[in-house]
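J.: This is the structure I want to talk about, given as structure tokens.
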Amino acid sequence: MVSFEMNDRKKIGLGLTAFGVFFSFLGIIFLFDKGLIAMGNILFISGVALTIGLKSTLQFFMKRQNYKGTISFGVGFFFVIIGWPLLGMMLEAYGFVVLFSGFWPTLAVFLQKIPILGWVFQQPFVRSFFDRYRGKRVPV
């Protein structure tokens, strides 16, 4: 069984990823502030790279089935930088969903195991929605 060792590099990577999500959220709350969204994107990408490693990050973004998501995320980031944050965030959101769609089944299992919130996700209509997408493809 492979264990997930949490060294300092991975801890910093998870922190950067969390700050990236937080800054992107703040950028959206403050009416699509392009500076906060751009900072959130940079922190998110650098956090992912530190968490799983540079080689794994490049392999993940350059997979054949992830090209559409990678290009969409990159073009969205470019639009945020040049000053069109609404269009950029829409493209980034699409790219994020396409890139990380392989993680949704894992997230569904995790959400079902949370004590109070898990009860909602174990209801038949919600469970049938999650079961439809379970086991489609492996993310990394």
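In the structure tokens, the first chain shown is A, the next is B, and so on; residue numbers restart at 1 for each chain, and ligands run from 1 in the order shown.
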Write out as a PyMOL selection string the residues lying within 10 Å of range 48-64 of chain A, counting only C-alpha atoms and excluding same-chain residues fewer than 4 positions away.
T.: chain A and resi 6-18+20+43-44+68-71+99-100+139-140
J.: Set the distance at 10 Å and use only C-alpha atoms: which residues neighbour Val109 in chain A once local chain neighbours fewer than 3 positions away are removed? I'd like the list as a PyMOL selection string.
T.: chain A and resi 104-106+112-114+118+121-122+127+130-131+134
J.: If you measure from CA of Ser72 in chain A to CA of Phe23 in chain A, what distance in Å do you get, rounded to one decimal?
T.: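 CA of Phe23 in chain A lies 20.1 Å from CA of Ser72 in chain A.
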